[in-house]
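Student: Contents of structure.txt (compact mmCIF, C-alpha atoms and all ligand atoms) are given next:
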# COMPACT_ATOMS: atom_id res chain seq x y z
CA MET A 162 -2.76 2.65 8.92
CA ALA A 163 -2.77 5.90 10.90
CA LYS A 164 -6.52 6.13 10.26
CA MET A 165 -7.01 2.59 11.50
CA ALA A 166 -4.86 3.22 14.59
CA ALA A 167 -6.90 6.33 15.34
CA SER A 168 -10.16 4.41 15.04
CA MET A 169 -8.80 1.74 17.35
CA VAL A 170 -8.15 4.42 19.96
CA GLU A 171 -11.78 5.49 19.54
CA THR A 172 -13.45 2.07 19.59
CA GLY A 173 -10.82 -0.09 21.32
CA GLU A 174 -11.12 -2.56 18.44
CA ASP A 175 -8.42 -3.79 16.13
CA ALA A 176 -8.75 -3.78 12.32
CA PHE A 177 -9.71 -7.46 12.17
CA ARG A 178 -12.44 -7.10 14.80
CA GLN A 179 -13.93 -4.13 12.97
CA MET A 180 -14.08 -6.06 9.70
CA PHE A 181 -15.50 -9.12 11.48
CA LYS A 182 -18.30 -7.06 12.97
CA LEU A 183 -18.97 -5.35 9.65
CA TYR A 184 -19.48 -8.64 7.78
CA LYS A 185 -21.47 -10.13 10.64
CA ARG A 186 -23.89 -7.21 10.76
CA ARG A 187 -27.52 -7.93 9.90
CA ASN A 188 -29.05 -4.48 10.01
CA PRO A 189 -28.18 -2.81 7.75
CA PRO A 190 -26.42 -5.60 5.84
CA PRO A 191 -22.86 -4.79 4.73
CA ASP A 192 -21.73 -4.05 1.20
CA PHE A 193 -20.43 -7.34 -0.22
CA SER A 194 -18.89 -5.84 -3.36
CA ASP A 195 -15.31 -6.14 -2.03
CA VAL A 196 -15.65 -9.85 -1.22
CA ILE A 197 -13.45 -11.88 -3.58
CA ASP A 198 -15.27 -14.64 -5.46
CA PHE A 199 -12.68 -17.05 -6.84
CA SER A 200 -15.40 -18.94 -8.74
CA LYS A 201 -15.74 -15.86 -10.97
CA CYS A 202 -12.15 -16.53 -12.03
CA VAL A 203 -10.83 -13.00 -12.30
CA THR A 204 -7.12 -12.65 -11.92
CA ASN A 205 -5.60 -9.26 -11.26
CA ASP A 206 -2.83 -7.66 -9.20
CA LYS A 207 -4.22 -9.19 -6.04
CA ILE A 208 -5.60 -12.55 -7.26
CA ARG A 209 -2.95 -14.69 -8.89
CA PRO A 210 -3.31 -18.10 -10.52
CA VAL A 211 -1.28 -20.92 -8.96
CA LYS A 212 0.29 -23.57 -11.15
CA LEU A 213 -0.08 -27.00 -9.58
CA ASP A 214 1.89 -30.02 -10.74
CA PRO A 215 -0.57 -32.12 -12.80
CA ALA A 216 1.78 -35.12 -12.61
CA ALA A 217 1.99 -35.10 -8.78
CA VAL A 218 -1.27 -37.06 -8.41
CA SER A 219 -2.36 -39.68 -10.92
CA ASP A 220 -5.78 -39.20 -12.53
CA GLY A 221 -6.86 -42.51 -10.99
CA ASP A 222 -5.82 -41.50 -7.47
CA ALA A 223 -7.67 -38.20 -7.81
CA ALA A 224 -10.84 -39.87 -9.15
CA ASN A 225 -10.75 -42.46 -6.36
CA VAL A 226 -11.40 -39.77 -3.75
CA GLY A 227 -13.90 -37.94 -5.97
CA LEU A 228 -11.59 -35.28 -7.44
CA HIS A 229 -11.12 -34.01 -10.99
CA HIS A 230 -7.75 -34.56 -12.63
CA VAL A 231 -5.28 -32.04 -11.17
CA LYS A 232 -4.74 -30.45 -14.60
CA ASP A 233 -8.39 -29.33 -14.48
CA TRP A 234 -8.27 -27.73 -11.01
CA ARG A 235 -8.31 -23.96 -10.79
CA ALA A 236 -6.08 -22.69 -8.01
CA PHE A 237 -5.35 -19.15 -6.85
CA THR A 238 -3.32 -17.27 -4.31
CA LEU A 239 -3.52 -13.74 -2.98
CA GLN A 240 -0.75 -11.23 -3.23
CA GLY A 241 0.64 -10.65 0.27
CA TYR A 242 -0.49 -14.07 1.54
CA PRO A 243 2.41 -16.45 0.82
CA GLY A 244 1.45 -20.11 1.00
CA PHE A 245 -2.30 -19.47 0.79
CA ILE A 246 -3.91 -21.58 -1.96
CA PHE A 247 -7.59 -21.50 -2.88
CA ILE A 248 -8.84 -24.33 -5.13
CA THR A 249 -12.30 -23.71 -6.55
CA ASN A 250 -14.40 -26.86 -6.19
CA PRO A 251 -12.12 -29.63 -7.50
CA PHE A 252 -14.78 -32.31 -6.80
CA LEU A 253 -16.18 -34.45 -9.58
CA ARG A 254 -19.86 -33.95 -10.29
CA GLY A 255 -21.79 -36.14 -7.88
CA SER A 256 -18.98 -36.86 -5.39
CA GLN A 257 -19.69 -34.14 -2.81
CA PRO A 258 -22.74 -35.95 -1.39
CA PHE A 259 -20.44 -38.72 -0.12
CA TRP A 260 -18.35 -36.25 1.91
CA VAL A 261 -21.46 -34.53 3.21
CA ARG A 262 -22.84 -37.88 4.36
CA GLN A 263 -19.52 -38.71 6.06
CA CYS A 264 -19.71 -35.42 7.97
CA LEU A 265 -23.31 -35.90 9.06
CA LYS A 266 -23.71 -39.66 9.49
CA THR A 267 -20.27 -41.25 9.95
CA TYR A 268 -17.83 -38.80 11.54
CA PRO A 269 -20.05 -37.78 14.48
CA GLN A 270 -20.10 -41.45 15.59
CA LYS A 271 -18.05 -42.77 18.48
CA PRO A 272 -15.15 -42.92 19.13
CA ASN A 273 -15.03 -39.42 17.64
CA ILE A 274 -15.85 -36.53 19.98
CA CYS A 275 -18.45 -33.81 19.44
CA ASN A 276 -19.79 -30.79 21.29
CA LEU A 277 -22.83 -32.77 22.49
CA ASP A 278 -20.52 -35.08 24.48
CA MET A 279 -19.69 -32.13 26.72
CA HIS A 280 -23.07 -32.25 28.42
CA MET A 281 -24.56 -35.60 27.38
CA SER A 282 -23.67 -39.20 28.19
CA PRO A 283 -22.02 -41.43 25.55
CA THR A 284 -25.24 -43.44 25.22
CA ASP A 285 -27.21 -40.30 24.45
CA THR A 286 -24.74 -39.21 21.75
CA GLN A 287 -24.26 -42.78 20.51
CA ASP A 288 -26.11 -42.44 17.24
CA ILE A 289 -26.87 -38.83 16.47
CA TRP A 290 -27.90 -39.69 12.91
CA ALA A 291 -30.45 -42.39 13.79
CA LYS A 292 -31.88 -40.30 16.62
CA SER A 293 -32.30 -37.31 14.28
CA VAL A 294 -33.48 -38.75 10.97
CA SER A 295 -37.04 -39.49 11.90
CA ASN A 296 -37.56 -35.80 12.72
CA LEU A 297 -35.46 -34.35 9.92
CA SER A 298 -36.83 -36.32 7.00
CA CYS A 299 -40.42 -35.23 7.60
CA PRO A 300 -40.91 -31.47 7.95
CA SER A 301 -42.74 -30.54 11.13
CA VAL A 302 -46.14 -28.93 10.81
CA GLY A 303 -47.27 -26.22 13.16
CA LYS A 304 -45.53 -26.22 16.53
CA ARG A 305 -41.72 -26.23 16.39
CA GLU A 306 -40.36 -29.54 17.62
CA PRO A 307 -37.27 -29.57 19.84
CA ARG A 308 -34.10 -29.34 17.80
CA THR A 309 -32.66 -32.68 16.77
CA LEU A 310 -29.15 -33.69 17.84
CA LEU A 311 -27.97 -33.16 14.26
CA GLU A 312 -29.25 -29.60 14.36
CA ARG A 313 -27.40 -29.07 17.64
CA LEU A 314 -24.12 -30.47 16.33
CA ARG A 315 -21.44 -27.74 16.24
CA TRP A 316 -18.12 -29.55 16.03
CA VAL A 317 -16.59 -33.01 15.78
CA THR A 318 -12.93 -33.87 16.35
CA LEU A 319 -11.08 -36.73 14.67
CA GLY A 320 -7.68 -38.38 15.20
CA TYR A 321 -5.77 -36.46 17.87
CA HIS A 322 -8.76 -34.86 19.57
CA TYR A 323 -8.24 -31.17 20.07
CA ASN A 324 -8.53 -30.09 23.68
CA TRP A 325 -10.35 -26.75 23.62
CA ASN A 326 -9.32 -25.97 27.17
CA SER A 327 -5.56 -26.47 27.00
CA LYS A 328 -5.47 -25.75 23.24
CA THR A 329 -3.32 -28.82 22.76
CA TYR A 330 -3.38 -32.27 21.21
CA SER A 331 -2.00 -35.15 23.22
CA ALA A 332 -0.62 -38.62 22.55
CA ASN A 333 -3.13 -40.31 24.84
CA HIS A 334 -6.24 -38.82 23.30
CA TYR A 335 -6.20 -40.31 19.86
CA THR A 336 -8.60 -42.47 17.85
CA PRO A 337 -7.98 -43.70 14.29
CA PHE A 338 -8.21 -40.98 11.65
CA PRO A 339 -10.68 -41.88 8.83
CA THR A 340 -8.68 -43.46 5.98
CA GLU A 341 -10.73 -41.95 3.15
CA LEU A 342 -10.35 -38.43 4.56
CA HIS A 343 -6.62 -38.98 4.95
CA LEU A 344 -6.46 -40.06 1.29
CA LEU A 345 -8.45 -37.04 0.07
CA SER A 346 -6.22 -34.69 2.09
CA HIS A 347 -3.05 -36.46 0.99
CA GLN A 348 -3.90 -36.04 -2.72
CA ILE A 349 -4.68 -32.35 -2.30
CA ALA A 350 -1.52 -31.68 -0.27
CA THR A 351 0.57 -33.59 -2.85
CA ALA A 352 -0.89 -31.58 -5.73
CA CYS A 353 0.06 -28.42 -3.83
CA GLY A 354 3.66 -29.60 -3.46
CA PHE A 355 3.51 -31.12 0.03
CA THR A 356 4.61 -34.72 -0.20
CA GLY A 357 4.08 -37.14 2.68
CA PHE A 358 1.19 -35.25 4.28
CA ASN A 359 -0.18 -37.23 7.17
CA ALA A 360 -3.72 -36.34 8.26
CA GLU A 361 -3.64 -36.75 12.04
CA ALA A 362 -6.31 -34.42 13.39
CA GLY A 363 -9.58 -33.09 12.08
CA ILE A 364 -11.90 -30.40 13.34
CA LEU A 365 -15.27 -30.36 11.62
CA ASN A 366 -17.46 -27.27 12.04
CA TYR A 367 -21.22 -27.23 11.54
CA TYR A 368 -22.74 -23.81 10.88
CA ARG A 369 -26.38 -22.75 10.93
CA SER A 370 -27.37 -19.70 8.91
CA ASP A 371 -26.64 -17.38 11.87
CA SER A 372 -23.41 -19.03 13.06
CA SER A 373 -19.93 -17.55 12.86
CA LEU A 374 -16.43 -18.59 13.83
CA GLY A 375 -14.35 -16.19 15.89
CA ILE A 376 -10.97 -14.69 15.03
CA HIS A 377 -8.16 -17.17 15.66
CA VAL A 378 -4.85 -18.67 14.56
CA ASP A 379 -4.37 -22.45 14.29
CA GLU A 380 -1.06 -22.86 16.05
CA SER A 381 -1.58 -25.92 18.29
CA GLU A 382 -0.12 -28.34 15.74
CA LEU A 383 3.55 -28.99 16.51
CA ASP A 384 4.87 -28.75 12.94
CA HIS A 385 3.78 -25.54 11.21
CA SER A 386 5.66 -26.41 8.04
CA ARG A 387 2.85 -28.86 7.24
CA PRO A 388 -0.21 -27.33 5.52
CA LEU A 389 -3.70 -27.04 6.99
CA LEU A 390 -6.51 -28.08 4.65
CA SER A 391 -10.05 -26.78 4.76
CA PHE A 392 -13.10 -28.07 2.84
CA SER A 393 -16.50 -26.35 2.51
CA PHE A 394 -19.84 -28.00 1.84
CA GLY A 395 -23.39 -26.71 1.68
CA GLN A 396 -24.19 -23.04 2.21
CA SER A 397 -21.56 -20.45 1.34
CA ALA A 398 -19.59 -18.35 3.81
CA ILE A 399 -17.43 -15.27 4.04
CA PHE A 400 -13.88 -16.04 5.13
CA LEU A 401 -11.60 -13.32 6.46
CA LEU A 402 -7.86 -13.83 6.16
CA GLY A 403 -5.67 -11.37 8.02
CA GLY A 404 -2.00 -11.37 8.92
CA THR A 405 0.18 -12.09 11.93
CA HIS A 406 -1.25 -9.12 13.83
CA ARG A 407 -4.84 -8.29 14.68
CA GLN A 408 -4.13 -4.82 13.35
CA ASP A 409 -3.60 -6.22 9.82
CA SER A 410 -6.79 -5.56 7.89
CA PRO A 411 -8.12 -8.88 6.53
CA THR A 412 -9.15 -9.81 3.00
CA ALA A 413 -12.72 -11.11 2.58
CA MET A 414 -13.54 -13.99 0.23
CA TYR A 415 -16.45 -16.34 -0.45
CA MET A 416 -16.22 -20.06 0.20
CA HIS A 417 -18.71 -22.09 -1.80
CA SER A 418 -19.64 -25.76 -1.63
CA GLY A 419 -16.72 -27.92 -2.74
CA ASP A 420 -14.07 -25.20 -2.36
CA VAL A 421 -10.77 -26.19 -0.76
CA MET A 422 -8.28 -23.94 1.00
CA VAL A 423 -4.70 -24.79 1.79
CA MET A 424 -2.99 -22.69 4.42
CA SER A 425 0.76 -23.14 4.33
CA GLY A 426 3.97 -21.12 4.52
CA LEU A 427 3.58 -17.75 6.23
CA SER A 428 -0.23 -17.85 5.82
CA ARG A 429 -0.36 -21.02 7.94
CA LEU A 430 -0.20 -18.79 11.03
CA PHE A 431 -2.35 -15.88 9.87
CA TYR A 432 -5.44 -14.75 11.77
CA HIS A 433 -8.70 -15.81 10.16
CA ALA A 434 -12.43 -16.05 10.90
CA VAL A 435 -15.84 -16.79 9.41
CA PRO A 436 -18.11 -13.85 10.25
CA ARG A 437 -21.09 -14.89 8.14
CA ILE A 438 -22.88 -17.68 6.34
CA VAL A 439 -24.40 -16.56 3.05
CA PRO A 440 -27.06 -18.35 0.99
CA ALA A 441 -25.64 -20.58 -1.72
CA HIS A 442 -26.73 -20.16 -5.31
CA GLN A 443 -27.66 -23.01 -7.59
CA GLU A 444 -24.68 -25.21 -6.63
CA VAL A 445 -26.28 -26.76 -3.55
CA ALA A 446 -29.57 -27.50 -5.34
CA ASP A 447 -27.51 -29.08 -8.15
CA LEU A 448 -26.03 -31.63 -5.72
CA ASP A 449 -29.41 -33.41 -5.68
CA THR A 450 -29.28 -34.17 -9.40
CA GLU A 451 -25.52 -34.70 -9.46
CA ARG A 452 -25.77 -37.45 -6.83
CA CYS A 453 -27.80 -39.60 -9.21
CA SER A 454 -25.13 -39.38 -11.90
CA TRP A 455 -22.40 -40.68 -9.57
CA GLN A 456 -21.62 -44.31 -10.34
CA GLY A 457 -19.88 -44.97 -7.05
CA GLY A 458 -16.25 -45.96 -6.72
CA ALA A 459 -13.98 -47.98 -4.45
CA ILE A 460 -13.85 -45.19 -1.86
CA VAL A 461 -16.51 -42.65 -2.72
CA GLU A 462 -19.78 -44.59 -2.76
CA GLN A 463 -23.08 -43.31 -4.04
CA VAL A 464 -25.20 -42.05 -1.14
CA SER A 465 -28.54 -43.83 -0.83
CA GLU A 466 -31.71 -41.88 -1.57
CA GLU A 467 -32.79 -42.40 2.04
CA ASP A 468 -29.59 -40.85 3.48
CA TRP A 469 -29.51 -38.08 0.90
CA VAL A 470 -32.98 -36.81 1.83
CA VAL A 471 -31.59 -35.97 5.26
CA CYS A 472 -28.24 -34.60 4.04
CA SER A 473 -29.85 -32.47 1.35
CA ARG A 474 -32.31 -30.93 3.78
CA TYR A 475 -29.43 -30.18 6.16
CA ILE A 476 -27.14 -28.46 3.66
CA HIS A 477 -29.96 -26.39 2.21
CA SER A 478 -29.73 -24.28 5.35
CA SER A 479 -26.34 -25.12 6.87
CA ARG A 480 -22.65 -25.19 6.09
CA ILE A 481 -20.13 -27.90 6.93
CA ASN A 482 -16.40 -27.26 7.13
CA MET A 483 -13.78 -30.00 7.50
CA THR A 484 -10.29 -28.93 8.54
CA VAL A 485 -7.50 -31.46 8.36
CA ARG A 486 -4.19 -31.06 10.14
CA GLN A 487 -0.90 -32.86 10.50
CA VAL A 488 0.06 -32.41 14.13
CA LEU A 489 3.55 -33.92 14.29
CA GLY A 490 6.45 -33.54 11.89
CA HIS A 491 8.21 -36.56 10.52
CA GLY A 492 9.79 -38.44 13.46
CA GLN A 493 8.44 -35.90 15.96
CA SER A 494 6.62 -36.94 19.15
CA PHE A 495 4.69 -35.12 21.85
CA PRO A 496 6.90 -33.48 24.47
CA GLY A 497 6.89 -34.73 28.07
CA THR A 498 6.00 -38.09 29.54
CA PRO A 499 2.58 -39.62 28.88
CA PRO A 500 0.11 -38.54 31.58
CA PRO A 501 -1.34 -41.31 33.79
CA PRO A 502 -4.44 -43.24 32.65
CA GLY A 503 -7.67 -41.33 33.12
CA HIS A 504 -6.13 -38.05 32.05
CA ALA A 505 -7.88 -38.11 28.69
CA GLU A 506 -11.32 -38.40 30.28
CA GLN A 507 -10.57 -35.41 32.46
CA HIS A 508 -9.66 -33.34 29.39
CA GLN A 509 -12.99 -34.20 27.86
CA ALA A 510 -14.93 -33.10 30.90
CA GLU A 511 -13.09 -29.78 30.96
CA ASP A 512 -13.94 -29.11 27.31
CA GLY A 513 -17.55 -28.35 28.15
CA LYS A 514 -16.66 -25.39 30.31
CA HIS A 515 -14.35 -24.01 27.68
CA MET A 516 -16.93 -23.97 24.91
CA LYS A 517 -18.88 -21.30 26.70
CA ARG A 518 -15.82 -19.15 27.20
CA ARG A 519 -14.88 -19.33 23.55
CA ARG A 520 -18.31 -18.40 22.42
CA CYS A 521 -18.66 -14.84 21.27
CA SER A 522 -21.28 -12.72 22.94
CA ASP A 523 -21.47 -10.08 20.22
CA SER A 524 -25.14 -10.64 19.77
CA PRO A 525 -27.54 -12.73 21.82
CA ASN A 526 -29.27 -13.94 18.63
CA THR A 527 -26.28 -15.51 17.00
CA GLU A 528 -23.67 -17.92 18.14
CA GLU A 529 -20.13 -18.66 17.20
CA THR A 530 -19.66 -22.34 16.49
CA ARG A 531 -16.76 -22.70 18.91
C1 LIG B 601 -11.03 -23.86 11.69
C2 LIG B 601 -11.43 -22.84 10.69
C3 LIG B 601 -12.86 -22.13 8.91
C4 LIG B 601 -14.12 -22.47 8.16
O1 LIG B 601 -11.75 -24.84 11.88
O2 LIG B 601 -9.96 -23.68 12.30
O3 LIG B 601 -10.77 -21.85 10.59
O4 LIG B 601 -14.11 -22.28 6.95
N1 LIG B 601 -12.52 -23.05 9.91
O5 LIG B 601 -15.12 -22.87 8.77
MN MN B 602 -8.85 -22.02 11.66
Write out the structure in this file as structure tokens.
Ligand code: OGA
Ligand code: MN
Tutor:
Amino acid sequence: MAKMAASMVETGEDAFRQMFKLYKRRNPPPDFSDVIDFSKCVTNDKIRPVKLDPAAVSDGDAANVGLHHVKDWRAFTLQGYPGFIFITNPFLRGSQPFWVRQCLKTYPQKPNICNLDMHMSPTDTQDIWAKSVSNLSCPSVGKREPRTLLERLRWVTLGYHYNWNSKTYSANHYTPFPTELHLLSHQIATACGFTGFNAEAGILNYYRSDSSLGIHVDESELDHSRPLLSFSFGQSAIFLLGGTHRQDSPTAMYMHSGDVMVMSGLSRLFYHAVPRIVPAHQEVADLDTERCSWQGGAIVEQVSEEDWVVCSRYIHSSRINMTVRQVLGHGQSFPGTPPPPGHAEQHQAEDGKHMKRRRCSDSPNTEETR
């Protein structure tokens, strides 16, 4: 601690910032040997198994949203991080492609909001998928074509649309939250002991291989006793989980495709960040074959070959993260009187300016997603 405080005096950087920069560094690359890999299933003093209640979610309800039976999930927590739960890929073989397609084809559609809306008209961002597929499904030869809208997608908001400028959600900026994503989140929250979870807001993040997500705390939701859920698809990433102070040195862990994190209890308000995207191993390539074995269910349909060509190409170089939040506690409502009509549109316009301010300027070659 004294050593860290001394180095902060020297560099002006807190412990979290130093670790963030270390894992973000390209040249020379950092030593990854301390990064926890829950998929390797080692439990020790620091990594503890978590016992979930297998009876909390019926096998049928789990399978309906593409999840294994809860008794087969492997869940862990970290000593010193109360309420943090890491579930290593609980998805049934072949069901991830559906969620990837939702993130790339369905969720960016209106009335949801995305980063491209900040500087483009609604007609231009009307159908990002259709406008992008013709370019994405056939690799360009020779000269680099302009990036497609899908490649320029950085975030999408669902439900209560997060206002990046005021860092708030508001009653008058809401569009229906996707039912299937609510169901998926509800089953996971229930298995982790949180009954009655209501998915009200989603922030989806789209990472290229050189993207990162800056150090932050998710505190805008009004009820912090409700968990925050996070899903990873595609390329892997390094996640840093710190404490309530920037001076608390964070723990680094890998997030692989299909992994789910639940942030609850004290950890719900801990600093965290994604300093680096790391190449996935076989698991992303395996999604291609797994998709064919998926029969399709009432909720999680099989993704068509035509759609999968685009999704597969995308996740072979990118990562998608869905975060799902309950904003209001049971019976709670937003404080204050509803603002006059037109207020919501103004919030949207302001968002554009804020994106730039939140972007990290550590390196001109990389960008933070938000
Ligand atoms: C977030 C977040 C982490 C991730 O959206 O608030 O922390 O894994 N995402 O991308
Ligand atoms: Mn977060």
Student: Step by step: start from the point (-22.0, -15.8, 8.2) in the file's coordinates, keep every protein, DNA or RNA residue that has an atom no farther than 9 Å from it, count all atoms listed in the file, and write the set as JSON, numbers by chain.
Tutor: {"A": [184, 185, 368, 369, 370, 371, 372, 373, 374, 397, 398, 399, 400, 435, 436, 437, 438, 439]}
Student: Distance limit 6 Å, reference ligand LIG 601 (chain B), atoms considered: only C-alpha atoms and all ligand atoms. Which residues make the cut? Give them as a list in words.
Tutor: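 Counting only what the definition allows, namely only C-alpha atoms and all ligand atoms, the set is Ile364, Asn366, Asn482 and Thr484 of chain A.
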Student: Generate a file of the selected residues that holds C-alpha atoms, formatted as a JSON list (two decimals), in the frame of the given file.
Tutor:
[["chain", "number", "residue", "atom", "x", "y", "z"],
["A", 364, "ILE", "CA", -11.90, -30.40, 13.34],
["A", 366, "ASN", "CA", -17.46, -27.27, 12.04],
["A", 482, "ASN", "CA", -16.40, -27.26, 7.13],
["A", 484, "THR", "CA", -10.29, -28.93, 8.54]]
Student: Please extract the residues at most 8 Å from ligand MN 602 (chain B), counting only C-alpha atoms and all ligand atoms, and provide them as a list in words, using the chain letters and residue numbers of this document.
Tutor: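 So the residues close to ligand MN 602 (chain B) are His377, Val378, Asp379, His433, Ala434 and Thr484 of chain A.
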Student: Nearest to A:Gly255 among A:His229, A:Asp195, A:Leu310, A:Gly490, with distances taken over only C-alpha atoms: which residue is it?
Tutor: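 Among the listed residues, the smallest separation from A:Gly255 belongs to A:His229.
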Student: Between A:Leu277, A:Val485, A:Val445, A:Leu342, single out the one closest to A:Pro258, counting all atoms listed in the file.
Tutor: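 Looking only at the distances to A:Pro258, the closest residue turns out to be A:Val445.
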Student: Restricting the calculation to all atoms listed in the file: of A:Ala350, A:Asn326, A:Asn188, A:Phe181, which residue gets closest to A:Val231?
Tutor: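 Looking only at the distances to A:Val231, the closest residue turns out to be A:Ala350.
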Student: Would you compute the distance between atom CA of A:Asp233 and atom CA of A:Gly457? Give it in Å to one decimal.
Tutor: 20.8 Å
Student: Calculate how many Å separate atom CA of A:Gln348 from atom CA of A:Arg254, rounding to one decimal.
Tutor: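 Rounded to one decimal, the two atoms are 17.8 Å apart.
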Student: I need the residue nearest A:Lys266 from this list: A:Ala459, A:Met279, A:Ile289, A:Met416. Use all atoms listed in the file for the distance.
Tutor: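 Ranking A:Ala459, A:Met279, A:Ile289, A:Met416 by distance to A:Lys266, first place goes to A:Ile289.
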Student: What's the separation between atom CA of A:His280 and atom CA of A:Asn333, in Å to one decimal place?
Tutor: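 Atom CA of A:Asn333 lies 21.8 Å from atom CA of A:His280.
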Student: Could you check which residues have any atom within 7 Å of (2.7, -38.8, -5.1), counting all atoms listed in the file with coordinates taken straight from the file, and then list them as a VMD selection string?
Tutor: chain A and resid 217 to 218 351 356
Student: A:Asp288: which residues within 10 Å, counting all atoms listed in the file, same-chain residues fewer than 2 positions away excluded, as an MDAnalysis selection string?
Tutor: chainID A and resid 266:267 269:271 283:286 290:293 310:311
Student: With all atoms listed in the file as the counted atoms, please give the residues lying no more than 12 Å from A:Arg407, apart from itself and same-chain residues fewer than 4 positions off, as a count of residues only.
Tutor: 22
Student: Mind rebuilding stretch 228-234 of chain A with all heavy atoms and writing that out as a PDB file, in the frame of the given file?
Tutor:
ATOM      1  N   LEU A 228     -12.132 -36.543  -6.935  1.00  0.00           N
ATOM      2  CA  LEU A 228     -11.590 -35.280  -7.440  1.00  0.00           C
ATOM      3  C   LEU A 228     -11.351 -35.323  -8.948  1.00  0.00           C
ATOM      4  O   LEU A 228     -10.989 -36.371  -9.495  1.00  0.00           O
ATOM      5  CB  LEU A 228     -10.256 -34.971  -6.742  1.00  0.00           C
ATOM      6  CG  LEU A 228     -10.309 -34.732  -5.233  1.00  0.00           C
ATOM      7  CD1 LEU A 228      -8.900 -34.679  -4.647  1.00  0.00           C
ATOM      8  CD2 LEU A 228     -11.056 -33.425  -4.923  1.00  0.00           C
ATOM      9  N   HIS A 229     -11.501 -34.158  -9.584  1.00  0.00           N
ATOM     10  CA  HIS A 229     -11.120 -34.010 -10.990  1.00  0.00           C
ATOM     11  C   HIS A 229      -9.623 -34.256 -11.140  1.00  0.00           C
ATOM     12  O   HIS A 229      -8.875 -34.188 -10.161  1.00  0.00           O
ATOM     13  CB  HIS A 229     -11.380 -32.554 -11.451  1.00  0.00           C
ATOM     14  CG  HIS A 229     -12.809 -32.270 -11.770  1.00  0.00           C
ATOM     15  ND1 HIS A 229     -13.440 -32.803 -12.862  1.00  0.00           N
ATOM     16  CD2 HIS A 229     -13.724 -31.477 -11.141  1.00  0.00           C
ATOM     17  CE1 HIS A 229     -14.690 -32.357 -12.904  1.00  0.00           C
ATOM     18  NE2 HIS A 229     -14.890 -31.566 -11.864  1.00  0.00           N
ATOM     19  N   HIS A 230      -9.183 -34.481 -12.356  1.00  0.00           N
ATOM     20  CA  HIS A 230      -7.750 -34.560 -12.630  1.00  0.00           C
ATOM     21  C   HIS A 230      -7.109 -33.224 -12.235  1.00  0.00           C
ATOM     22  O   HIS A 230      -7.705 -32.176 -12.487  1.00  0.00           O
ATOM     23  CB  HIS A 230      -7.494 -34.826 -14.118  1.00  0.00           C
ATOM     24  CG  HIS A 230      -8.168 -36.079 -14.605  1.00  0.00           C
ATOM     25  ND1 HIS A 230      -8.340 -36.365 -15.950  1.00  0.00           N
ATOM     26  CD2 HIS A 230      -8.698 -37.124 -13.931  1.00  0.00           C
ATOM     27  CE1 HIS A 230      -8.964 -37.529 -16.070  1.00  0.00           C
ATOM     28  NE2 HIS A 230      -9.187 -38.010 -14.862  1.00  0.00           N
ATOM     29  N   VAL A 231      -5.910 -33.274 -11.672  1.00  0.00           N
ATOM     30  CA  VAL A 231      -5.280 -32.040 -11.170  1.00  0.00           C
ATOM     31  C   VAL A 231      -5.125 -30.984 -12.270  1.00  0.00           C
ATOM     32  O   VAL A 231      -5.267 -29.785 -12.010  1.00  0.00           O
ATOM     33  CB  VAL A 231      -3.928 -32.355 -10.476  1.00  0.00           C
ATOM     34  CG1 VAL A 231      -3.227 -31.083 -10.040  1.00  0.00           C
ATOM     35  CG2 VAL A 231      -4.137 -33.289  -9.291  1.00  0.00           C
ATOM     36  N   LYS A 232      -4.915 -31.421 -13.496  1.00  0.00           N
ATOM     37  CA  LYS A 232      -4.740 -30.450 -14.600  1.00  0.00           C
ATOM     38  C   LYS A 232      -6.010 -29.594 -14.796  1.00  0.00           C
ATOM     39  O   LYS A 232      -5.938 -28.500 -15.359  1.00  0.00           O
ATOM     40  CB  LYS A 232      -4.341 -31.140 -15.902  1.00  0.00           C
ATOM     41  CG  LYS A 232      -5.392 -32.053 -16.509  1.00  0.00           C
ATOM     42  CD  LYS A 232      -4.917 -32.603 -17.853  1.00  0.00           C
ATOM     43  CE  LYS A 232      -5.943 -33.439 -18.587  1.00  0.00           C
ATOM     44  NZ  LYS A 232      -6.822 -34.334 -17.795  1.00  0.00           N
ATOM     45  N   ASP A 233      -7.140 -30.077 -14.312  1.00  0.00           N
ATOM     46  CA  ASP A 233      -8.390 -29.330 -14.480  1.00  0.00           C
ATOM     47  C   ASP A 233      -8.762 -28.484 -13.244  1.00  0.00           C
ATOM     48  O   ASP A 233      -9.799 -27.824 -13.239  1.00  0.00           O
ATOM     49  CB  ASP A 233      -9.540 -30.297 -14.797  1.00  0.00           C
ATOM     50  CG  ASP A 233      -9.312 -31.001 -16.132  1.00  0.00           C
ATOM     51  OD1 ASP A 233      -8.750 -30.355 -17.040  1.00  0.00           O
ATOM     52  OD2 ASP A 233      -9.664 -32.197 -16.254  1.00  0.00           O
ATOM     53  N   TRP A 234      -7.961 -28.552 -12.188  1.00  0.00           N
ATOM     54  CA  TRP A 234      -8.270 -27.730 -11.010  1.00  0.00           C
ATOM     55  C   TRP A 234      -7.916 -26.276 -11.311  1.00  0.00           C
ATOM     56  O   TRP A 234      -6.981 -26.001 -12.055  1.00  0.00           O
ATOM     57  CB  TRP A 234      -7.447 -28.155  -9.792  1.00  0.00           C
ATOM     58  CG  TRP A 234      -7.669 -29.546  -9.306  1.00  0.00           C
ATOM     59  CD1 TRP A 234      -8.437 -30.525  -9.882  1.00  0.00           C
ATOM     60  CD2 TRP A 234      -7.077 -30.135  -8.140  1.00  0.00           C
ATOM     61  NE1 TRP A 234      -8.357 -31.680  -9.144  1.00  0.00           N
ATOM     62  CE2 TRP A 234      -7.530 -31.466  -8.071  1.00  0.00           C
ATOM     63  CE3 TRP A 234      -6.203 -29.672  -7.151  1.00  0.00           C
ATOM     64  CZ2 TRP A 234      -7.141 -32.339  -7.051  1.00  0.00           C
ATOM     65  CZ3 TRP A 234      -5.816 -30.530  -6.139  1.00  0.00           C
ATOM     66  CH2 TRP A 234      -6.294 -31.857  -6.084  1.00  0.00           C
TER      67      TRP A 234
END
